[in-house]
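**Q** Pasting a structure here, questions to come.
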Amino acid sequence: MAAIAHNPIHNPVHNISMEDKAQWWRGAVIYQIYPRSFLDTNQDGIGDLAGITEKLAYVAQLGADMVWISPFYTSPMKDFGYDVSDYKSVDPIFGSLADFVALVSKANALGLKVMIDLVLSHTSDQHPWFRESRSSRNNAKADWYVWADPQADGCPPNNWLSIFGGSAWEWDTSRRQFSMHNFLTAQPDLNFHHPEVVDAVLDVTKFWLDLGVHGFRLDTVNWYFHDQQLRSNPPNQGEELLYAPESSNYRMQAHIYNKSRPEMLLFLEKFRQLIDSYGAISLGELTAKRAIEMTPDYTAKNRRLHMVYTFSLLTQSLSAAHLKQTIQEVEAHLGDGWICWAFSNHDVMRVVSRWRCETVPMVQQAKCLTALLLCLRGSVCLYQGEELGLPEAEIAFADLQDPFGLRLWPEFKGRDGCRTPMPWQGAANHGGFSSEQPWLPMPTAHLEKAVDLQEADVDSVLNFTRSMLAWRKSQPAIVSGSLSLLEAEPPLLAFERRDRNAAILAVFNLGAEACDFDCSAYDGRVKPISLGSFECRRSFDYRYENSILNLPSFSVFLAKIG
């Protein structure tokens, strides 16, 4: 038995002003939708905007505040929409601008806000801007992209690498120069040092604001600017790059010159001025080894991003120690900035598979992780299907679509396993996603976790998530209060959430064996919380007697402190 006394070890003072409390995005729950895989209404095997509109009531009923929609712009789909060839249109496979306007209108009627991905660091090589830029060295857009002459021996200008593996430079026979690409060769990087490029991307932003968008998720927000001297990166001195596959040579460098440049902060101030004039918000995907330390600069109050999307918990392994350390680092660095937590997204293995404990039912593990995510201090992103406890799908090489996986197979199997279609109906053809063969196969294991089946089961992950979200919204201490970590031996993670009027104790067992937590320091002031129609005790079968809490593996205890 690990009898743990109550002992706050990190209790920063976070006085949330009345102004901050009025800012709905602080503590908001954002539901991420990958449009190709949400719902297909025109029966071509690919999800579309009309499908999102049809299922917005489901998202509202879940209890989310906002939907984040991954890219749906016109694109050759070399990287499934993250290679944009027209920023101001909808790709026909997803519908039309009219469909998007209808989506926003329906969301507004349901009390949901709409966030879209802005992919500004690079475009498709099919974008008219790039076609003009590559045509000569003296055209009007000649310097809109990052071009460089070769070295004397014909080699690239420096050692910069693409995250997809190999050089970040591609020889262009038209200009007889190299173009830079941090991602695929078909995704050339824009030159943000050019003022006309800045004006152009701000014009794109205004276009979508005028259509009623409430916010933007800025893809790879620290990758926009490069070192103008094109200095080579030094070797990586052992820092882990959470966003790069282990098989990629990208991990061998410290990426200090090809991204995370100081000029980015000045651009964000211009961006913030624009979106503030519309009352919109921004969420930046900050991918860097020092992301937590960089967060205060990127979220400087009322000047830059509203919040940063962290990769810190998209790790391959789970431990209470890692979670505790991450929370400590965030609390130590955040200041008046804000963070958005996520356990899953469209780029990483689904959390119940990535952090799988084979001795625990997957349903219980999914509930425990959902409760943990929703109790952290910050805003939250839930990825479609996470509320169902979907595991990672096994995708055969013959069915693989992801260019990342095709390039690095078999060491890295790509991102298709987390992008498979949503299962709406367990008994329907292709899970009710489409009447035609979907672009990625529907796993049998996902049909067993379909929405209609879980709605009928009071103890399902879906109904637990709905109850947790409803409870969270009713607790200002959870939405915007302070967080104090408590002394607890791993695999336990324990903390308090407080505001002026309430205090909540949250204890999580993230190990394979049952553990005890000593609540005697609270002197009988602990009152277990009921979540809607059922209690945590029913979901996790904990025992609380004589101030000793016994938590089974992957279980949760939430209580008010009287």
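FYI, nothing fancy with the structure tokens labels: chains A, B, ... in order, residues from 1 per chain, ligands from 1 as they appear.
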Mind checking which residues fall within 9 Å of Lys527 of chain A, counting only C-alpha atoms, ignoring those fewer than 4 positions away in the same chain, and posting them as a ChimeraX atom specification?
**A** /A:558-562
**Q** Which polymer residues have any atom within 10 Å of an atom of Thr295 of chain A, counting only C-alpha atoms, with same-chain residues fewer than 6 positions away left out, as a PyMOL selection string?
**A** chain A and resi 284+286+305+307-310+330+333-335+337-339
**Q** Taking a cut-off of 12 Å and counting only C-alpha atoms, can you build a table that, for each residue of segment 43-128 of chain A near segment 456-465 of chain A, reports the nearest atom pair and how far apart they are in Å (one decimal), sorted by chain then residue number, as CSV?
**A**
residue,atom,partner,partner_atom,distance
A:Tyr58,CA,A:Leu462,CA,11.1
A:Val59,CA,A:Leu462,CA,11.4
A:Gln61,CA,A:Asn463,CA,10.5
A:Leu62,CA,A:Thr465,CA,7.4
A:Gly63,CA,A:Thr465,CA,8.7
A:Ala64,CA,A:Thr465,CA,10.5
**Q** Since we have the selection now, will you write its residues out, keeping N, CA, C and O atoms, as a short mmCIF file (atom, residue, chain, number, x, y, z; two decimals), in the first residue's frame?
**A**
data_model
loop_
_atom_site.label_atom_id
_atom_site.label_comp_id
_atom_site.auth_asym_id
_atom_site.auth_seq_id
_atom_site.Cartn_x
_atom_site.Cartn_y
_atom_site.Cartn_z
N TYR A 58 -24.62 16.17 -32.83
CA TYR A 58 -23.92 15.16 -32.03
C TYR A 58 -22.79 15.80 -31.24
O TYR A 58 -22.62 15.52 -30.05
N VAL A 59 -22.03 16.68 -31.88
CA VAL A 59 -20.92 17.35 -31.21
C VAL A 59 -21.44 18.26 -30.11
O VAL A 59 -20.88 18.32 -29.01
N GLN A 61 -24.26 17.94 -28.47
CA GLN A 61 -24.76 17.09 -27.39
C GLN A 61 -23.62 16.51 -26.56
O GLN A 61 -23.76 16.29 -25.36
N LEU A 62 -22.49 16.28 -27.20
CA LEU A 62 -21.33 15.78 -26.47
C LEU A 62 -20.90 16.77 -25.41
O LEU A 62 -20.47 16.38 -24.31
N GLY A 63 -21.02 18.07 -25.71
CA GLY A 63 -20.66 19.10 -24.74
C GLY A 63 -19.47 19.93 -25.13
O GLY A 63 -18.92 20.66 -24.31
N ALA A 64 -19.04 19.86 -26.40
CA ALA A 64 -17.92 20.67 -26.87
C ALA A 64 -18.36 22.13 -27.03
O ALA A 64 -19.54 22.44 -27.18
#
**Q** Report as JSON, numbers by chain: the residues of segment 43-192 of chain A with a DSSP assignment of helix (DSSP H, G or I), based on the backbone of this structure.
**A** {"A": [49, 50, 51, 52, 53, 54, 56, 57, 58, 59, 60, 61, 62, 97, 98, 99, 100, 101, 102, 103, 104, 105, 106, 107, 108, 109, 128, 129, 130, 131, 132, 133, 134, 135]}
**Q** For N, CA, C and O atoms, I'd like the residues from the last selection saved as a CSV table (one decimal), in the first residue's frame.
**A**
chain,number,residue,atom,x,y,z
A,49,LEU,N,-18.1,18.4,-46.1
A,49,LEU,CA,-18.6,19.5,-45.2
A,49,LEU,C,-20.1,19.3,-44.8
A,49,LEU,O,-20.5,19.5,-43.7
A,50,ALA,N,-20.9,18.8,-45.8
A,50,ALA,CA,-22.3,18.5,-45.5
A,50,ALA,C,-22.4,17.4,-44.4
A,50,ALA,O,-23.4,17.5,-43.6
A,51,GLY,N,-21.5,16.5,-44.4
A,51,GLY,CA,-21.5,15.5,-43.4
A,51,GLY,C,-21.2,16.0,-42.0
A,51,GLY,O,-21.8,15.6,-41.0
A,52,ILE,N,-20.3,17.0,-41.9
A,52,ILE,CA,-20.0,17.6,-40.7
A,52,ILE,C,-21.3,18.4,-40.2
A,52,ILE,O,-21.7,18.3,-39.0
A,53,THR,N,-21.9,19.1,-41.1
A,53,THR,CA,-23.1,19.9,-40.7
A,53,THR,C,-24.2,18.9,-40.2
A,53,THR,O,-24.8,19.3,-39.2
A,54,GLU,N,-24.3,17.8,-40.8
A,54,GLU,CA,-25.4,16.8,-40.4
A,54,GLU,C,-25.1,16.3,-39.0
A,54,GLU,O,-26.0,16.0,-38.2
A,56,LEU,N,-23.3,18.0,-36.5
A,56,LEU,CA,-23.0,19.0,-35.5
A,56,LEU,C,-23.8,18.9,-34.3
A,56,LEU,O,-23.3,19.2,-33.2
A,57,ALA,N,-25.0,18.4,-34.4
A,57,ALA,CA,-25.9,18.2,-33.2
A,57,ALA,C,-25.3,17.2,-32.3
A,57,ALA,O,-25.3,17.3,-31.0
A,58,TYR,N,-24.6,16.2,-32.8
A,58,TYR,CA,-23.9,15.2,-32.0
A,58,TYR,C,-22.8,15.8,-31.2
A,58,TYR,O,-22.6,15.5,-30.0
A,59,VAL,N,-22.0,16.7,-31.9
A,59,VAL,CA,-20.9,17.3,-31.2
A,59,VAL,C,-21.4,18.3,-30.1
A,59,VAL,O,-20.9,18.3,-29.0
A,60,ALA,N,-22.5,19.0,-30.4
A,60,ALA,CA,-23.1,19.9,-29.4
A,60,ALA,C,-23.6,19.1,-28.2
A,60,ALA,O,-23.4,19.5,-27.0
A,61,GLN,N,-24.3,17.9,-28.5
A,61,GLN,CA,-24.8,17.1,-27.4
A,61,GLN,C,-23.6,16.5,-26.6
A,61,GLN,O,-23.8,16.3,-25.4
A,62,LEU,N,-22.5,16.3,-27.2
A,62,LEU,CA,-21.3,15.8,-26.5
A,62,LEU,C,-20.9,16.8,-25.4
A,62,LEU,O,-20.5,16.4,-24.3
A,97,LEU,N,-18.1,26.5,-51.1
A,97,LEU,CA,-18.1,27.6,-50.1
A,97,LEU,C,-19.5,27.7,-49.5
A,97,LEU,O,-19.7,28.0,-48.3
A,98,ALA,N,-20.5,27.5,-50.3
A,98,ALA,CA,-21.9,27.5,-49.8
A,98,ALA,C,-22.1,26.5,-48.7
A,98,ALA,O,-22.8,26.7,-47.7
A,99,ASP,N,-21.5,25.3,-48.9
A,99,ASP,CA,-21.6,24.3,-47.9
A,99,ASP,C,-20.9,24.7,-46.6
A,99,ASP,O,-21.4,24.4,-45.5
A,100,PHE,N,-19.8,25.4,-46.7
A,100,PHE,CA,-19.1,25.9,-45.5
A,100,PHE,C,-20.0,27.0,-44.8
A,100,PHE,O,-20.1,26.9,-43.6
A,101,VAL,N,-20.5,27.9,-45.5
A,101,VAL,CA,-21.4,28.9,-44.9
A,101,VAL,C,-22.6,28.3,-44.2
A,101,VAL,O,-22.9,28.7,-43.1
A,102,ALA,N,-23.1,27.2,-44.8
A,102,ALA,CA,-24.2,26.5,-44.1
A,102,ALA,C,-23.8,25.8,-42.8
A,102,ALA,O,-24.5,25.8,-41.8
A,103,LEU,N,-22.6,25.3,-42.9
A,103,LEU,CA,-22.0,24.6,-41.7
A,103,LEU,C,-21.8,25.7,-40.6
A,103,LEU,O,-22.2,25.4,-39.4
A,104,VAL,N,-21.3,26.8,-40.8
A,104,VAL,CA,-21.1,27.8,-39.8
A,104,VAL,C,-22.5,28.3,-39.3
A,104,VAL,O,-22.6,28.4,-38.0
A,105,SER,N,-23.5,28.4,-40.1
A,105,SER,CA,-24.8,28.8,-39.7
A,105,SER,C,-25.4,27.8,-38.7
A,105,SER,O,-26.0,28.1,-37.7
A,106,LYS,N,-25.3,26.5,-39.1
A,106,LYS,CA,-25.8,25.4,-38.2
A,106,LYS,C,-25.1,25.4,-36.9
A,106,LYS,O,-25.7,25.2,-35.8
A,107,ALA,N,-23.8,25.6,-36.9
A,107,ALA,CA,-23.0,25.6,-35.7
A,107,ALA,C,-23.4,26.7,-34.8
A,107,ALA,O,-23.6,26.5,-33.6
A,108,ASN,N,-23.6,27.9,-35.4
A,108,ASN,CA,-24.1,29.0,-34.6
A,108,ASN,C,-25.4,28.7,-33.9
A,108,ASN,O,-25.6,29.1,-32.7
A,109,ALA,N,-26.3,28.1,-34.6
A,109,ALA,CA,-27.6,27.8,-34.1
A,109,ALA,C,-27.5,26.8,-32.9
A,109,ALA,O,-28.4,26.8,-32.0
A,128,PRO,N,-0.9,28.7,-57.6
A,128,PRO,CA,-0.5,29.7,-58.6
A,128,PRO,C,0.6,30.6,-58.2
A,128,PRO,O,1.5,31.0,-59.0
A,129,TRP,N,0.7,30.9,-56.9
A,129,TRP,CA,1.9,31.7,-56.4
A,129,TRP,C,3.2,31.0,-56.7
A,129,TRP,O,4.1,31.6,-57.1
A,130,PHE,N,3.2,29.7,-56.4
A,130,PHE,CA,4.5,29.0,-56.7
A,130,PHE,C,4.8,28.8,-58.1
A,130,PHE,O,5.9,28.9,-58.6
A,131,ARG,N,3.8,28.5,-58.9
A,131,ARG,CA,4.0,28.4,-60.4
A,131,ARG,C,4.6,29.7,-60.9
A,131,ARG,O,5.5,29.6,-61.8
A,132,GLU,N,4.1,30.8,-60.5
A,132,GLU,CA,4.7,32.1,-61.0
A,132,GLU,C,6.1,32.2,-60.4
A,132,GLU,O,7.0,32.6,-61.2
A,133,SER,N,6.3,31.9,-59.1
A,133,SER,CA,7.6,32.1,-58.5
A,133,SER,C,8.7,31.3,-59.2
A,133,SER,O,9.8,31.8,-59.4
A,134,ARG,N,8.4,30.1,-59.6
A,134,ARG,CA,9.4,29.2,-60.2
A,134,ARG,C,9.6,29.5,-61.6
A,134,ARG,O,10.6,29.0,-62.2
A,135,SER,N,8.8,30.3,-62.2
A,135,SER,CA,8.9,30.6,-63.7
A,135,SER,C,10.1,31.4,-64.1
A,135,SER,O,10.6,31.3,-65.2
**Q** Just the residues within 12 Å of Val197 of chain A, please, counting only C-alpha atoms, with nothing from its chain fewer than 6 positions along; format it as a PyMOL selection string.
**A** chain A and resi 120-123+129-130+133+140-146+189-191+203-204+224-225+267
**Q** What does the structure give for the distance between atom CA of Thr315 of chain A and atom CA of Phe343 of chain A, in Å to one decimal?
**A**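 Going from atom CA of Thr315 of chain A over to atom CA of Phe343 of chain A, I get 8.5 Å.
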**Q** With DSSP run on the backbone, what are the strand (DSSP E) residues within segment 92-314 of chain A? I'd like them as a ChimeraX atom specification.
**A** /A:113-118,147-148,169-172,177-180,215-218,281-285,307-309
**Q** Limited to C-alpha atoms, could you put the picked residues into a file as an mmCIF file, in the first residue's frame?
**A**
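After the write, out-v9.cif holds the following:
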data_model
loop_
_atom_site.group_PDB
_atom_site.id
_atom_site.type_symbol
_atom_site.label_atom_id
_atom_site.label_comp_id
_atom_site.auth_asym_id
_atom_site.auth_seq_id
_atom_site.Cartn_x
_atom_site.Cartn_y
_atom_site.Cartn_z
ATOM 1 C CA LYS A 113 -18.033 27.975 -32.603
ATOM 2 C CA VAL A 114 -16.030 27.030 -35.714
ATOM 3 C CA MET A 115 -12.243 26.881 -35.936
ATOM 4 C CA ILE A 116 -10.429 26.006 -39.157
ATOM 5 C CA ASP A 117 -6.865 24.983 -39.906
ATOM 6 C CA LEU A 118 -4.669 27.656 -41.434
ATOM 7 C CA TRP A 147 15.013 29.930 -53.079
ATOM 8 C CA ALA A 148 18.774 29.485 -52.865
ATOM 9 C CA TRP A 169 15.965 21.334 -50.554
ATOM 10 C CA GLU A 170 14.620 20.368 -53.987
ATOM 11 C CA TRP A 171 16.386 21.283 -57.223
ATOM 12 C CA ASP A 172 14.195 23.225 -59.633
ATOM 13 C CA GLN A 177 17.963 26.946 -57.877
ATOM 14 C CA PHE A 178 16.892 24.960 -54.835
ATOM 15 C CA SER A 179 13.494 25.519 -53.212
ATOM 16 C CA MET A 180 13.062 24.810 -49.529
ATOM 17 C CA GLY A 215 -10.943 30.909 -34.760
ATOM 18 C CA PHE A 216 -7.877 29.445 -36.428
ATOM 19 C CA ARG A 217 -5.612 26.569 -35.581
ATOM 20 C CA LEU A 218 -2.262 27.625 -37.010
ATOM 21 C CA ILE A 281 -9.240 33.333 -31.414
ATOM 22 C CA SER A 282 -6.040 31.516 -32.358
ATOM 23 C CA LEU A 283 -4.531 28.168 -31.390
ATOM 24 C CA GLY A 284 -0.942 27.558 -32.480
ATOM 25 C CA GLU A 285 0.596 24.150 -33.114
ATOM 26 C CA MET A 307 -3.153 29.597 -26.730
ATOM 27 C CA VAL A 308 -0.667 26.967 -27.814
ATOM 28 C CA TYR A 309 -1.381 23.350 -28.718
#
**Q** Identify, on the basis of only C-alpha atoms, every residue whose closest approach to segment 43-47 of chain A does not exceed 9 Å; exclude the query and any residue fewer than 2 positions from it along the same chain; express the result as a VMD selection string.
**A** chain A and resid 34 to 41 49 to 52 93 to 94 421 433 to 440
**Q** Those residues with C-alpha atoms, as a short mmCIF file (atom, residue, chain, number, x, y, z; two decimals), in the first residue's frame please?
**A**
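This is the output file again02.cif:
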data_model
loop_
_atom_site.label_atom_id
_atom_site.label_comp_id
_atom_site.auth_asym_id
_atom_site.auth_seq_id
_atom_site.Cartn_x
_atom_site.Cartn_y
_atom_site.Cartn_z
CA TYR A 34 -10.92 15.24 -39.77
CA PRO A 35 -13.38 15.90 -42.63
CA ARG A 36 -12.32 13.02 -44.90
CA SER A 37 -13.37 10.60 -42.18
CA PHE A 38 -16.35 12.14 -40.39
CA LEU A 39 -19.41 11.49 -42.59
CA ASP A 40 -19.84 10.99 -46.34
CA THR A 41 -23.13 12.43 -47.66
CA LEU A 49 -18.63 19.46 -45.18
CA ALA A 50 -22.31 18.52 -45.49
CA GLY A 51 -21.53 15.46 -43.38
CA ILE A 52 -20.03 17.65 -40.67
CA ILE A 93 -14.44 16.44 -52.76
CA PHE A 94 -15.58 18.30 -49.62
CA PRO A 421 -13.84 6.73 -40.72
CA PHE A 433 -20.05 6.49 -42.65
CA SER A 434 -20.78 5.84 -46.34
CA SER A 435 -22.64 3.42 -48.56
CA GLU A 436 -19.49 3.12 -50.70
CA GLN A 437 -16.06 1.74 -49.86
CA PRO A 438 -14.39 4.39 -47.66
CA TRP A 439 -11.04 5.91 -48.56
CA LEU A 440 -9.63 3.97 -45.59
#
**Q** Would you mind reading off the distance between atom CA of Glu496 of chain A and atom CA of Ala321 of chain A, one decimal, in Å?
**A**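 Calculated distance between atom CA of Glu496 of chain A and atom CA of Ala321 of chain A is 16.8 Å.
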**Q** In Å to one decimal, how far is atom CA of Ala514 of chain A from atom CA of Leu551 of chain A?
**A**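 Answer for the atom CA of Leu551 of chain A to atom CA of Ala514 of chain A separation: 5.5 Å.
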**Q** Contacts of Gln126 of chain A at 10 Å or less, counting only C-alpha atoms, minus same-chain residues fewer than 6 places along, as a ChimeraX atom specification?
**A** /A:75-76,83-86,186-188
**Q** Just write the chosen residues, N, CA, C and O atoms, as a compact mmCIF listing (two decimals), in the first residue's frame.
**A**
# COMPACT_ATOMS: atom_id res chain seq x y z
N SER A 75 -6.84 21.33 -53.13
CA SER A 75 -5.52 20.75 -52.92
C SER A 75 -5.32 19.54 -53.83
O SER A 75 -6.28 18.82 -54.12
N PRO A 76 -4.09 19.27 -54.25
CA PRO A 76 -3.80 18.02 -54.96
C PRO A 76 -3.84 16.81 -54.05
O PRO A 76 -3.73 15.68 -54.51
N ASP A 83 -1.44 20.56 -48.22
CA ASP A 83 -0.76 21.12 -49.38
C ASP A 83 -1.81 21.91 -50.16
O ASP A 83 -2.50 21.39 -51.02
N VAL A 84 -1.94 23.18 -49.85
CA VAL A 84 -3.03 24.01 -50.35
C VAL A 84 -2.67 24.62 -51.70
O VAL A 84 -1.61 25.22 -51.87
N SER A 85 -3.59 24.49 -52.66
CA SER A 85 -3.38 25.12 -53.96
C SER A 85 -4.31 26.31 -54.18
O SER A 85 -4.15 27.06 -55.15
N ASP A 86 -5.29 26.50 -53.29
CA ASP A 86 -6.14 27.69 -53.33
C ASP A 86 -6.70 27.90 -51.93
O ASP A 86 -7.55 27.12 -51.48
N ALA A 186 6.59 18.51 -52.53
CA ALA A 186 5.44 19.19 -53.16
C ALA A 186 4.85 20.26 -52.26
O ALA A 186 3.79 20.81 -52.57
N GLN A 187 5.53 20.59 -51.13
CA GLN A 187 5.05 21.60 -50.20
C GLN A 187 6.13 22.66 -49.97
O GLN A 187 6.74 22.73 -48.90
N PRO A 188 6.41 23.49 -50.97
CA PRO A 188 7.46 24.50 -50.82
C PRO A 188 7.10 25.55 -49.76
O PRO A 188 5.94 25.94 -49.62
**Q** Nearest to Pro391 of chain A: which of A:Cys368, A:Thr359, A:Thr444, A:Ala494 is it, counting only C-alpha atoms?
**A**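 Counting only C-alpha atoms, the residue closest to Pro391 of chain A is A:Thr444.
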**Q** Hey, what's within 9 Å of Tyr250 of chain A if we count only C-alpha atoms and toss same-chain stuff fewer than 5 positions away? As a list in words, please?
**A** Trp160, Leu161, Ser162, Ile163, Phe164, Gly165, Gly166, Leu241, Ala244, Pro245 and His255 of chain A
**Q** Write a file of the just-selected residues containing N, CA, C and O atoms, as a CSV table (one decimal), in the first residue's frame.
**A**
chain,number,residue,atom,x,y,z
A,160,TRP,N,19.9,21.5,-44.0
A,160,TRP,CA,18.6,21.4,-43.4
A,160,TRP,C,17.8,20.2,-44.0
A,160,TRP,O,18.0,19.8,-45.1
A,161,LEU,N,17.1,19.6,-43.1
A,161,LEU,CA,16.4,18.3,-43.4
A,161,LEU,C,14.9,18.5,-43.4
A,161,LEU,O,14.3,19.4,-42.7
A,162,SER,N,14.2,17.7,-44.2
A,162,SER,CA,12.7,17.6,-44.2
A,162,SER,C,12.3,16.7,-43.1
A,162,SER,O,12.9,15.6,-42.8
A,163,ILE,N,11.2,17.0,-42.4
A,163,ILE,CA,10.7,16.1,-41.4
A,163,ILE,C,10.3,14.7,-42.0
A,163,ILE,O,10.2,13.7,-41.3
A,164,PHE,N,10.0,14.7,-43.3
A,164,PHE,CA,9.7,13.5,-43.9
A,164,PHE,C,10.9,12.6,-44.3
A,164,PHE,O,10.8,11.5,-44.8
A,165,GLY,N,12.1,13.2,-43.9
A,165,GLY,CA,13.3,12.5,-44.2
A,165,GLY,C,14.0,13.0,-45.4
A,165,GLY,O,13.4,13.4,-46.4
A,166,GLY,N,15.3,13.1,-45.4
A,166,GLY,CA,16.1,13.6,-46.5
A,166,GLY,C,16.2,15.1,-46.5
A,166,GLY,O,15.8,15.8,-45.5
A,241,LEU,N,12.6,14.7,-30.1
A,241,LEU,CA,11.7,15.5,-30.9
A,241,LEU,C,10.4,14.7,-31.0
A,241,LEU,O,10.3,13.7,-31.8
A,244,ALA,N,8.6,13.9,-34.5
A,244,ALA,CA,9.3,13.3,-35.7
A,244,ALA,C,9.5,11.8,-35.4
A,244,ALA,O,9.8,11.3,-34.3
A,245,PRO,N,9.1,11.0,-36.4
A,245,PRO,CA,9.3,9.5,-36.3
A,245,PRO,C,10.7,9.1,-35.9
A,245,PRO,O,11.7,9.8,-36.4
A,255,HIS,N,17.1,21.9,-34.7
A,255,HIS,CA,16.5,22.7,-35.7
A,255,HIS,C,16.4,24.2,-35.3
A,255,HIS,O,15.3,24.7,-35.0
**Q** Neighbouring residues of segment 472-483 of chain A were defined as those with any atom within 7 Å, considering only C-alpha atoms; residues of the same chain fewer than 4 positions away were excluded. Please report them as a list in words.
**A**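 Returned residues: Asn11, His14, Arg26, Gly27, Cys375, Arg377, Met468, Phe495, Glu496, Arg497, Arg498, Asp499, Ala502 and Ala503 of chain A.
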**Q** Would you mind exporting N, CA, C and O atoms of the selected residues as a tab-separated table (two decimals), in the first residue's frame?
**A**
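Result saved to selection16.tsv:
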chain	number	residue	atom	x	y	z
A	11	ASN	N	2.28	25.20	-5.94
A	11	ASN	CA	1.02	25.89	-5.79
A	11	ASN	C	1.16	27.33	-6.25
A	11	ASN	O	1.18	28.26	-5.46
A	14	HIS	N	-2.44	31.84	-9.40
A	14	HIS	CA	-2.98	32.22	-10.71
A	14	HIS	C	-4.28	32.98	-10.45
A	14	HIS	O	-5.34	32.37	-10.33
A	26	ARG	N	-10.71	30.21	-22.64
A	26	ARG	CA	-9.91	29.69	-21.53
A	26	ARG	C	-10.69	28.55	-20.86
A	26	ARG	O	-11.69	28.78	-20.20
A	27	GLY	N	-10.23	27.35	-21.07
A	27	GLY	CA	-10.93	26.18	-20.54
A	27	GLY	C	-11.91	25.57	-21.51
A	27	GLY	O	-12.62	24.62	-21.16
A	375	CYS	N	-9.52	17.22	-16.68
A	375	CYS	CA	-9.26	17.83	-15.37
A	375	CYS	C	-8.00	18.69	-15.35
A	375	CYS	O	-7.73	19.37	-14.36
A	377	ARG	N	-5.41	21.82	-16.20
A	377	ARG	CA	-5.63	23.27	-16.29
A	377	ARG	C	-5.24	23.76	-17.68
A	377	ARG	O	-4.08	23.72	-18.08
A	468	MET	N	-18.78	13.69	-18.09
A	468	MET	CA	-17.59	14.41	-17.65
A	468	MET	C	-17.60	15.84	-18.20
A	468	MET	O	-17.27	16.80	-17.48
A	495	PHE	N	-3.76	15.89	-7.80
A	495	PHE	CA	-3.67	17.35	-7.74
A	495	PHE	C	-4.99	17.93	-7.25
A	495	PHE	O	-6.02	17.26	-7.23
A	496	GLU	N	-4.92	19.20	-6.85
A	496	GLU	CA	-6.10	19.96	-6.49
A	496	GLU	C	-6.36	21.00	-7.57
A	496	GLU	O	-5.43	21.55	-8.14
A	497	ARG	N	-7.65	21.25	-7.83
A	497	ARG	CA	-8.06	22.37	-8.67
A	497	ARG	C	-8.88	23.30	-7.78
A	497	ARG	O	-9.79	22.84	-7.09
A	498	ARG	N	-8.56	24.58	-7.79
A	498	ARG	CA	-9.22	25.53	-6.89
A	498	ARG	C	-9.57	26.83	-7.59
A	498	ARG	O	-8.85	27.29	-8.48
A	499	ASP	N	-10.68	27.43	-7.15
A	499	ASP	CA	-10.94	28.83	-7.39
A	499	ASP	C	-11.40	29.43	-6.07
A	499	ASP	O	-11.24	28.82	-5.01
A	502	ALA	N	-14.47	27.05	-4.60
A	502	ALA	CA	-14.51	25.59	-4.56
A	502	ALA	C	-13.12	25.01	-4.68
A	502	ALA	O	-12.20	25.64	-5.22
A	503	ALA	N	-12.98	23.79	-4.15
A	503	ALA	CA	-11.73	23.04	-4.29
A	503	ALA	C	-12.08	21.60	-4.63
A	503	ALA	O	-13.00	21.01	-4.04
**Q** Point out the residue among A:Ser167, A:Ser174, A:Lys88, A:Cys155 with the least atom-to-atom distance to Leu209 of chain A, counting only C-alpha atoms.
**A**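 Ranked by minimum distance to Leu209 of chain A, first place goes to A:Lys88.
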**Q** Find, counting only C-alpha atoms, the residue in A:Ala470, A:Arg231, A:Glu293, A:Gln365 that gets nearest to Ala332 of chain A.
**A**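 Of A:Ala470, A:Arg231, A:Glu293, A:Gln365, the one nearest Ala332 of chain A is A:Glu293, counting only C-alpha atoms.
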**Q** Ranking A:Asp227, A:Ala450, A:Val556, A:Arg419 by minimum distance to Gly431 of chain A and counting only C-alpha atoms, which one comes first?
**A**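 With only C-alpha atoms as the atom set, the closest residue is A:Ala450.
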